[in-house]
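First the structure, in the form of structure tokens, and then the observations on it.
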Amino acid sequence: MIYLDNAATTNYKPQEIIDTVTECLTKYPYNPNRSGNKLSLELQQRLYDTRRKLHLLLNNDSEMHVAFTSGCTAALNLAILGTAQRGHVIITATEHNSVLRPVMQLKKKGYVEVSVAHPNEKGEITADEIERLLRPDTYLICVSHASNVTGTSQRITDIGSLARRRGIKLLVDCAQSIGYFPIDMMKQNVDMVAIAAHKGLHAMQGAGALMFSQNAIPRPITFGGTGSESHLYYQPETIPDSLESGTLPCPAIMAMGAGVDWWLKNWKENHDTVTEMQHTILDGLSQIQGVTVYSQYNKSGITSFNVGERDSGEISDILSERYDIAVRGGLQCAPLMHRHLGTLSQGVVRASVSCVTTKQECYALLNAVELIAKTTTLNNI
């Protein structure tokens, strides 16, 4: 199978990741923070090492300001619900429903009012667009670093400068950027960053993290099962323990740390490959009659398109069943972005490459789409 659904999860897992997961399952089948035996303490240290790697990678203000979660969705919920207050929230039309839904839940309960910032003709959310929506009670701005629909990245530095001047927290969803291009929390004035491990870091599903600054320490949204300060009837206040209820997914967390190490060693080659393959698909699709392309050149490896007026899910199924090519059709969990693009009923076909995608695989996709487009045109005559 030709796998071009890497924006959902990367199918290539480096040997370093596999070895780390195996090591954790065989050497450390324990529960950190629950006992004092030697191997349990070693496991605690390995988890701390991952915190420190993420702290250094994203340059947030403390290695303790890293909360492990079950994934990016849980990290975004922790950020949004854990810092919620009565007031005004700005989101963008590019947001995944992992941002949209918790924000709208707050709105439904009457806690917040919500404004939506729309992209310009380049798909970018400008600081001017954000500033236009500001109100005296705005306390949070949520921005997707890279759209999971089109791959377009945002000018976080400009938005961060605006947010810092106005004393507003900035949350950045880095699900589609971590492992593809960097973010610097302190330099870019970002208060919270949510990441997934199983995409650009090529680690495993089941782990993510929320990085946060001293200015944006979230309140717990789940309670109990911390393993520390067990004499307390209430959730401990110690960070990050207070934010990590329940048994941590240790193999996935250790794999995330190994993913950071692997990315640091290979980022230049990975970046060059992802960029070249995304450009190849984008350029090729743009030349096929009857195909509409919604993406521009980007670093996340994402190219979204449609064939005529045909349903994107149908095209995705044809590519899978006839050509053994895995892509994704539908709304990509981002209804506001599809409303902006005018594809709310049709969805889009999303082809997303990785560092192991080849030119031959890209050409196979292009040939298949061209045949589908020609068939579509003939059927419409």
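Identifiers in the structure tokens: chain A, B, ... in order shown; residue index from 1 per chain; ligand index from 1 in order shown.
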
**Report entry** Sel. of strand (DSSP E or B) residues, region 130-360 of chain A, as a VMD selection string
**Finding:** chain A and resid 138 to 144 146 153 169 to 173 192 to 196 208 to 212 291 to 293 302 to 307 325 to 326 328 349 to 352

Query raised in the report: Excluding same-chain residues fewer than 2 positions from region 189-196 of chain A, what lies within 9 Å of it counting only C-alpha atoms, as a PyMOL selection string?
Result: chain A and resi 58+60+70-76+79+156-157+159-164+169-178+183-187+198-201+203+205-217+256

Could you take the residues named above and write them with N, CA and C atoms, as a short mmCIF file (atom, residue, chain, number, x, y, z; two decimals), in the first residue's frame?
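Full text of again.cif as output:
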```cif
data_model
loop_
_atom_site.label_atom_id
_atom_site.label_comp_id
_atom_site.auth_asym_id
_atom_site.auth_seq_id
_atom_site.Cartn_x
_atom_site.Cartn_y
_atom_site.Cartn_z
N LEU A 58 10.98 23.06 22.76
CA LEU A 58 10.04 24.15 22.53
C LEU A 58 10.40 25.42 23.28
N ASN A 60 10.18 26.33 26.52
CA ASN A 60 9.26 26.94 27.49
C ASN A 60 10.02 27.23 28.77
N SER A 70 -2.99 11.99 27.12
CA SER A 70 -3.21 10.84 26.26
C SER A 70 -3.07 11.18 24.78
N GLY A 71 -2.90 12.45 24.46
CA GLY A 71 -2.75 12.89 23.08
C GLY A 71 -2.94 14.39 22.99
N CYS A 72 -2.92 14.89 21.76
CA CYS A 72 -3.05 16.34 21.57
C CYS A 72 -4.45 16.83 21.94
N THR A 73 -5.47 16.02 21.68
CA THR A 73 -6.83 16.41 22.03
C THR A 73 -6.95 16.64 23.53
N ALA A 74 -6.42 15.72 24.32
CA ALA A 74 -6.47 15.88 25.77
C ALA A 74 -5.66 17.09 26.23
N ALA A 75 -4.53 17.35 25.56
CA ALA A 75 -3.71 18.51 25.90
C ALA A 75 -4.47 19.82 25.62
N LEU A 76 -5.16 19.87 24.49
CA LEU A 76 -5.93 21.07 24.14
C LEU A 76 -7.10 21.27 25.11
N ALA A 79 -5.70 22.67 28.29
CA ALA A 79 -5.36 24.09 28.13
C ALA A 79 -6.60 24.97 28.15
N ILE A 156 3.03 32.90 13.99
CA ILE A 156 2.84 32.86 15.43
C ILE A 156 3.56 34.01 16.13
N THR A 157 4.72 34.40 15.61
CA THR A 157 5.47 35.48 16.24
C THR A 157 4.67 36.77 16.27
N ILE A 159 1.35 37.12 16.04
CA ILE A 159 0.18 36.95 16.91
C ILE A 159 0.61 36.93 18.37
N GLY A 160 1.74 36.28 18.65
CA GLY A 160 2.26 36.22 20.02
C GLY A 160 2.62 37.59 20.55
N SER A 161 3.21 38.42 19.72
CA SER A 161 3.57 39.78 20.16
C SER A 161 2.31 40.57 20.51
N LEU A 162 1.27 40.42 19.69
CA LEU A 162 0.01 41.11 19.96
C LEU A 162 -0.60 40.61 21.27
N ALA A 163 -0.63 39.29 21.45
CA ALA A 163 -1.21 38.73 22.67
C ALA A 163 -0.46 39.17 23.91
N ARG A 164 0.86 39.20 23.84
CA ARG A 164 1.66 39.60 25.00
C ARG A 164 1.44 41.07 25.34
N LYS A 169 -3.61 35.28 26.93
CA LYS A 169 -2.95 33.99 26.77
C LYS A 169 -3.07 33.52 25.32
N LEU A 170 -2.00 32.92 24.81
CA LEU A 170 -1.98 32.37 23.46
C LEU A 170 -1.75 30.87 23.53
N LEU A 171 -2.70 30.10 23.02
CA LEU A 171 -2.60 28.65 22.90
C LEU A 171 -2.36 28.29 21.45
N VAL A 172 -1.34 27.47 21.18
CA VAL A 172 -1.02 27.05 19.82
C VAL A 172 -1.12 25.53 19.73
N ASP A 173 -1.93 25.07 18.78
CA ASP A 173 -2.08 23.65 18.48
C ASP A 173 -1.00 23.25 17.49
N CYS A 174 -0.04 22.45 17.97
CA CYS A 174 1.10 22.06 17.14
C CYS A 174 1.01 20.61 16.67
N ALA A 175 -0.20 20.07 16.58
CA ALA A 175 -0.36 18.68 16.15
C ALA A 175 0.26 18.42 14.79
N GLN A 176 0.12 19.40 13.85
CA GLN A 176 0.61 19.21 12.49
C GLN A 176 1.95 19.89 12.24
N SER A 177 2.54 20.48 13.27
CA SER A 177 3.83 21.15 13.06
C SER A 177 4.97 20.51 13.83
N ILE A 178 4.69 19.92 15.00
CA ILE A 178 5.77 19.32 15.77
C ILE A 178 6.42 18.20 14.95
N ILE A 183 8.83 25.63 16.95
CA ILE A 183 8.22 26.78 17.59
C ILE A 183 9.05 27.07 18.84
N ASP A 184 9.20 28.34 19.14
CA ASP A 184 9.98 28.78 20.31
C ASP A 184 9.04 29.56 21.22
N MET A 185 8.62 28.92 22.31
CA MET A 185 7.59 29.51 23.15
C MET A 185 7.99 30.85 23.75
N MET A 186 9.20 30.94 24.26
CA MET A 186 9.62 32.18 24.90
C MET A 186 9.86 33.29 23.88
N LYS A 187 10.52 32.95 22.79
CA LYS A 187 10.83 33.96 21.77
C LYS A 187 9.57 34.44 21.06
N HIS A 198 2.43 11.01 17.71
CA HIS A 198 2.34 9.97 16.67
C HIS A 198 2.33 10.51 15.25
N LYS A 199 2.60 11.80 15.08
CA LYS A 199 2.63 12.35 13.72
C LYS A 199 4.08 12.69 13.35
N GLY A 200 4.46 13.96 13.39
CA GLY A 200 5.79 14.34 12.94
C GLY A 200 6.94 13.79 13.76
N LEU A 201 6.68 13.39 15.01
CA LEU A 201 7.74 12.79 15.82
C LEU A 201 7.87 11.29 15.58
N ALA A 203 6.45 8.79 16.74
CA ALA A 203 6.33 7.92 17.91
C ALA A 203 4.99 7.20 17.87
N GLN A 205 0.92 6.17 19.20
CA GLN A 205 -0.30 6.76 19.69
C GLN A 205 -0.43 6.54 21.19
N GLY A 206 -1.22 7.41 21.83
CA GLY A 206 -1.47 7.24 23.26
C GLY A 206 -0.76 8.23 24.14
N ALA A 207 0.02 9.13 23.54
CA ALA A 207 0.72 10.14 24.36
C ALA A 207 0.76 11.47 23.63
N GLY A 208 0.62 12.51 24.39
CA GLY A 208 0.79 13.89 23.93
C GLY A 208 1.28 14.70 25.10
N ALA A 209 1.31 16.00 24.94
CA ALA A 209 1.78 16.83 26.05
C ALA A 209 1.28 18.25 25.88
N LEU A 210 1.09 18.91 27.02
CA LEU A 210 0.81 20.34 27.04
C LEU A 210 1.99 21.02 27.71
N MET A 211 2.63 21.94 26.98
CA MET A 211 3.65 22.81 27.54
C MET A 211 3.00 24.14 27.88
N PHE A 212 3.32 24.70 29.04
CA PHE A 212 2.69 25.94 29.45
C PHE A 212 3.69 26.80 30.22
N SER A 213 3.45 28.09 30.19
CA SER A 213 4.34 29.04 30.86
C SER A 213 3.83 29.34 32.26
N GLN A 214 4.62 30.08 33.01
CA GLN A 214 4.22 30.50 34.35
C GLN A 214 2.96 31.35 34.30
N ASN A 215 2.73 32.01 33.16
CA ASN A 215 1.57 32.88 33.02
C ASN A 215 0.28 32.12 32.71
N ALA A 216 0.38 30.82 32.47
CA ALA A 216 -0.80 30.07 32.01
C ALA A 216 -0.83 28.66 32.60
N ILE A 217 -0.65 28.55 33.89
CA ILE A 217 -0.70 27.24 34.53
C ILE A 217 -2.16 26.80 34.63
N MET A 256 7.90 9.06 22.81
CA MET A 256 7.88 10.47 22.44
C MET A 256 9.25 11.10 22.66
#
```

Query - Straight-line distance linking CA of Val149 (chain A) with CA of Met254 (chain A), stated in Å to one decimal - result: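 Computing it gives 29.2 Å between the two atoms.
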
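Every protein, DNA or RNA residue with an atom at most 9 Å from Val89 (chain A), where only C-alpha atoms count and chain neighbours fewer than 5 positions away do not, is listed here: Val103, Val112, Glu113, Val114, Ser115, Val116, Leu134, Asp137, Thr138, Tyr139, Leu140, Ile141 and Cys142 of chain A.
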
Grab the residues selected above and save them as a PDB file, in the first residue's frame with C-alpha atoms.
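In the end it all went to result_22.pdb:
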```
ATOM      1  CA  VAL A 103     -14.507  26.238  23.404  1.00  0.00           C
ATOM      2  CA  VAL A 112     -17.616  32.602  27.242  1.00  0.00           C
ATOM      3  CA  GLU A 113     -18.399  34.396  24.035  1.00  0.00           C
ATOM      4  CA  VAL A 114     -16.489  33.319  20.940  1.00  0.00           C
ATOM      5  CA  SER A 115     -15.169  35.131  17.858  1.00  0.00           C
ATOM      6  CA  VAL A 116     -13.686  33.447  14.790  1.00  0.00           C
ATOM      7  CA  LEU A 134     -10.188  41.848  20.460  1.00  0.00           C
ATOM      8  CA  ASP A 137     -12.590  40.819  28.212  1.00  0.00           C
ATOM      9  CA  THR A 138     -10.612  38.694  25.711  1.00  0.00           C
ATOM     10  CA  TYR A 139      -8.472  36.314  27.757  1.00  0.00           C
ATOM     11  CA  LEU A 140      -7.504  33.535  25.299  1.00  0.00           C
ATOM     12  CA  ILE A 141      -6.476  33.248  21.646  1.00  0.00           C
ATOM     13  CA  CYS A 142      -6.326  29.763  20.080  1.00  0.00           C
TER      14      CYS A 142
END
```

Set the distance at 8 Å and use only C-alpha atoms: which residues neighbour Pro240 (chain A) once local chain neighbours fewer than 6 positions away are removed? I'd like the list as a PDB file with all heavy atoms, in the first residue's frame.
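Saved to result_29.pdb:
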```
ATOM      1  N   MET A  64       9.328  21.586  34.368  1.00  0.00           N
ATOM      2  CA  MET A  64       8.174  21.114  35.127  1.00  0.00           C
ATOM      3  C   MET A  64       6.863  21.597  34.531  1.00  0.00           C
ATOM      4  O   MET A  64       5.791  21.138  34.914  1.00  0.00           O
ATOM      5  CB  MET A  64       8.284  21.558  36.577  1.00  0.00           C
ATOM      6  CG  MET A  64       9.348  20.817  37.375  1.00  0.00           C
ATOM      7  SD  MET A  64       9.003  19.026  37.560  1.00  0.00           S
ATOM      8  CE  MET A  64       9.998  18.328  36.247  1.00  0.00           C
ATOM      9  N   HIS A  65       6.922  22.522  33.600  1.00  0.00           N
ATOM     10  CA  HIS A  65       5.717  23.014  32.943  1.00  0.00           C
ATOM     11  C   HIS A  65       5.413  22.194  31.691  1.00  0.00           C
ATOM     12  O   HIS A  65       5.136  22.718  30.626  1.00  0.00           O
ATOM     13  CB  HIS A  65       5.857  24.501  32.609  1.00  0.00           C
ATOM     14  CG  HIS A  65       5.827  25.369  33.814  1.00  0.00           C
ATOM     15  ND1 HIS A  65       6.204  26.702  33.800  1.00  0.00           N
ATOM     16  CD2 HIS A  65       5.467  25.121  35.101  1.00  0.00           C
ATOM     17  CE1 HIS A  65       6.078  27.209  35.007  1.00  0.00           C
ATOM     18  NE2 HIS A  65       5.631  26.265  35.814  1.00  0.00           N
ATOM     19  N   VAL A  66       5.483  20.875  31.873  1.00  0.00           N
ATOM     20  CA  VAL A  66       5.159  19.907  30.820  1.00  0.00           C
ATOM     21  C   VAL A  66       4.231  18.873  31.425  1.00  0.00           C
ATOM     22  O   VAL A  66       4.624  18.151  32.347  1.00  0.00           O
ATOM     23  CB  VAL A  66       6.416  19.207  30.265  1.00  0.00           C
ATOM     24  CG1 VAL A  66       6.042  18.170  29.219  1.00  0.00           C
ATOM     25  CG2 VAL A  66       7.394  20.227  29.685  1.00  0.00           C
ATOM     26  N   ALA A  67       2.992  18.819  30.955  1.00  0.00           N
ATOM     27  CA  ALA A  67       2.033  17.832  31.446  1.00  0.00           C
ATOM     28  C   ALA A  67       1.806  16.786  30.376  1.00  0.00           C
ATOM     29  O   ALA A  67       1.428  17.113  29.245  1.00  0.00           O
ATOM     30  CB  ALA A  67       0.716  18.510  31.820  1.00  0.00           C
TER      31      ALA A  67
END
```

Report task. May I have the residues within 9 Å of Gln289 (chain A) as a PyMOL selection string, using only C-alpha atoms and disregarding those fewer than 3 positions away in the same chain? Result -> chain A and resi 285-286+292+307+370+373-374+377

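The residue that comes closest to Ser354 (chain A), out of A:Lys122, A:Lys13, A:His231, A:Arg52 and on the basis of only C-alpha atoms, is A:Lys13.
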
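All residues of protein, DNA or RNA that reach within 9 Å of Glu361 (chain A), judged by only C-alpha atoms and not counting those fewer than 2 positions away in the chain, are Ile2, Tyr3, Leu4, Ile325, Thr357, Thr358, Lys359, Tyr363, Ala364, Leu365 and Leu366 of chain A.
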
Okay, now the selection with all heavy atoms, as a short mmCIF file (atom, residue, chain, number, x, y, z; two decimals), in the first residue's frame?
```cif
data_model
loop_
_atom_site.label_atom_id
_atom_site.label_comp_id
_atom_site.auth_asym_id
_atom_site.auth_seq_id
_atom_site.Cartn_x
_atom_site.Cartn_y
_atom_site.Cartn_z
N ILE A 2 0.45 2.25 -0.77
CA ILE A 2 1.10 3.56 -0.76
C ILE A 2 0.40 4.40 0.31
O ILE A 2 -0.79 4.68 0.20
CB ILE A 2 1.01 4.24 -2.13
CG1 ILE A 2 1.80 3.43 -3.16
CG2 ILE A 2 1.53 5.67 -2.06
CD1 ILE A 2 1.65 3.95 -4.58
N TYR A 3 1.12 4.77 1.34
CA TYR A 3 0.52 5.43 2.49
C TYR A 3 0.73 6.94 2.41
O TYR A 3 1.86 7.43 2.54
CB TYR A 3 1.12 4.89 3.79
CG TYR A 3 0.42 5.39 5.03
CD1 TYR A 3 -0.77 4.81 5.45
CD2 TYR A 3 0.94 6.45 5.76
CE1 TYR A 3 -1.43 5.26 6.58
CE2 TYR A 3 0.29 6.92 6.90
CZ TYR A 3 -0.89 6.31 7.31
OH TYR A 3 -1.54 6.77 8.43
N LEU A 4 -0.37 7.66 2.19
CA LEU A 4 -0.31 9.12 2.11
C LEU A 4 -1.36 9.73 3.05
O LEU A 4 -2.07 10.67 2.70
CB LEU A 4 -0.55 9.58 0.67
CG LEU A 4 0.51 9.15 -0.35
CD1 LEU A 4 0.09 9.54 -1.76
CD2 LEU A 4 1.88 9.75 0.00
N ILE A 325 -3.92 3.13 -2.60
CA ILE A 325 -3.32 4.37 -2.10
C ILE A 325 -4.17 4.88 -0.95
O ILE A 325 -5.37 5.10 -1.10
CB ILE A 325 -3.23 5.44 -3.20
CG1 ILE A 325 -2.38 4.94 -4.37
CG2 ILE A 325 -2.69 6.74 -2.65
CD1 ILE A 325 -2.37 5.88 -5.57
N THR A 357 8.28 9.07 2.17
CA THR A 357 7.53 9.06 0.91
C THR A 357 8.49 9.23 -0.26
O THR A 357 9.46 10.00 -0.18
CB THR A 357 6.49 10.19 0.90
OG1 THR A 357 5.63 10.05 2.04
CG2 THR A 357 5.65 10.16 -0.36
N THR A 358 8.23 8.52 -1.35
CA THR A 358 9.11 8.57 -2.52
C THR A 358 8.43 9.28 -3.68
O THR A 358 7.21 9.41 -3.74
CB THR A 358 9.50 7.15 -2.96
OG1 THR A 358 8.32 6.48 -3.43
CG2 THR A 358 10.12 6.37 -1.81
N LYS A 359 9.27 9.70 -4.64
CA LYS A 359 8.74 10.31 -5.86
C LYS A 359 7.84 9.32 -6.60
O LYS A 359 6.80 9.70 -7.16
CB LYS A 359 9.90 10.73 -6.77
CG LYS A 359 10.55 12.05 -6.42
CD LYS A 359 9.71 13.21 -6.94
CE LYS A 359 10.43 14.55 -6.75
NZ LYS A 359 11.58 14.72 -7.64
N TYR A 363 4.05 10.03 -7.86
CA TYR A 363 3.61 9.90 -9.25
C TYR A 363 2.47 8.90 -9.38
O TYR A 363 1.58 9.06 -10.23
CB TYR A 363 4.79 9.48 -10.14
CG TYR A 363 5.87 10.54 -10.26
CD1 TYR A 363 7.22 10.18 -10.35
CD2 TYR A 363 5.54 11.89 -10.29
CE1 TYR A 363 8.21 11.15 -10.48
CE2 TYR A 363 6.52 12.87 -10.41
CZ TYR A 363 7.85 12.49 -10.49
OH TYR A 363 8.82 13.45 -10.60
N ALA A 364 2.49 7.86 -8.56
CA ALA A 364 1.39 6.88 -8.58
C ALA A 364 0.08 7.56 -8.21
O ALA A 364 -0.97 7.31 -8.83
CB ALA A 364 1.69 5.72 -7.63
N LEU A 365 0.11 8.43 -7.20
CA LEU A 365 -1.08 9.18 -6.83
C LEU A 365 -1.53 10.08 -7.97
O LEU A 365 -2.72 10.11 -8.32
CB LEU A 365 -0.82 10.02 -5.58
CG LEU A 365 -1.94 11.00 -5.21
CD1 LEU A 365 -3.17 10.25 -4.72
CD2 LEU A 365 -1.47 12.01 -4.15
N LEU A 366 -0.60 10.80 -8.55
CA LEU A 366 -0.95 11.74 -9.62
C LEU A 366 -1.55 11.00 -10.82
O LEU A 366 -2.54 11.46 -11.41
CB LEU A 366 0.29 12.52 -10.04
CG LEU A 366 0.88 13.46 -8.97
CD1 LEU A 366 2.18 14.06 -9.45
CD2 LEU A 366 -0.11 14.54 -8.58
#
```

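For region 317-320 of chain A, the residues within 9 Å (counting only C-alpha atoms, excluding itself and residues fewer than 2 positions away along the chain) are Met1, Ser312, Gly313, Glu314, Ile315, Arg322, Tyr323, Asp324, Ile325, Ala326, Val327, Arg328, Gly329, Leu365, Ala368, Val369 and Ile372 of chain A.
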
Report task. Determine which residues of region 49-170 of chain A receive a DSSP assignment of helix (DSSP H, G or I), computed from the backbone, and state them as a ChimeraX atom specification. Result -> /A:49-58,72-82,97-108,127-133,156-166

Query raised in the report: Using only C-alpha atoms, which of A:Tyr233, A:Asn270, A:Pro14, A:Pro182 sits nearest Asn59 (chain A)?
Result: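 Closest residue, counting only C-alpha atoms: A:Pro182.
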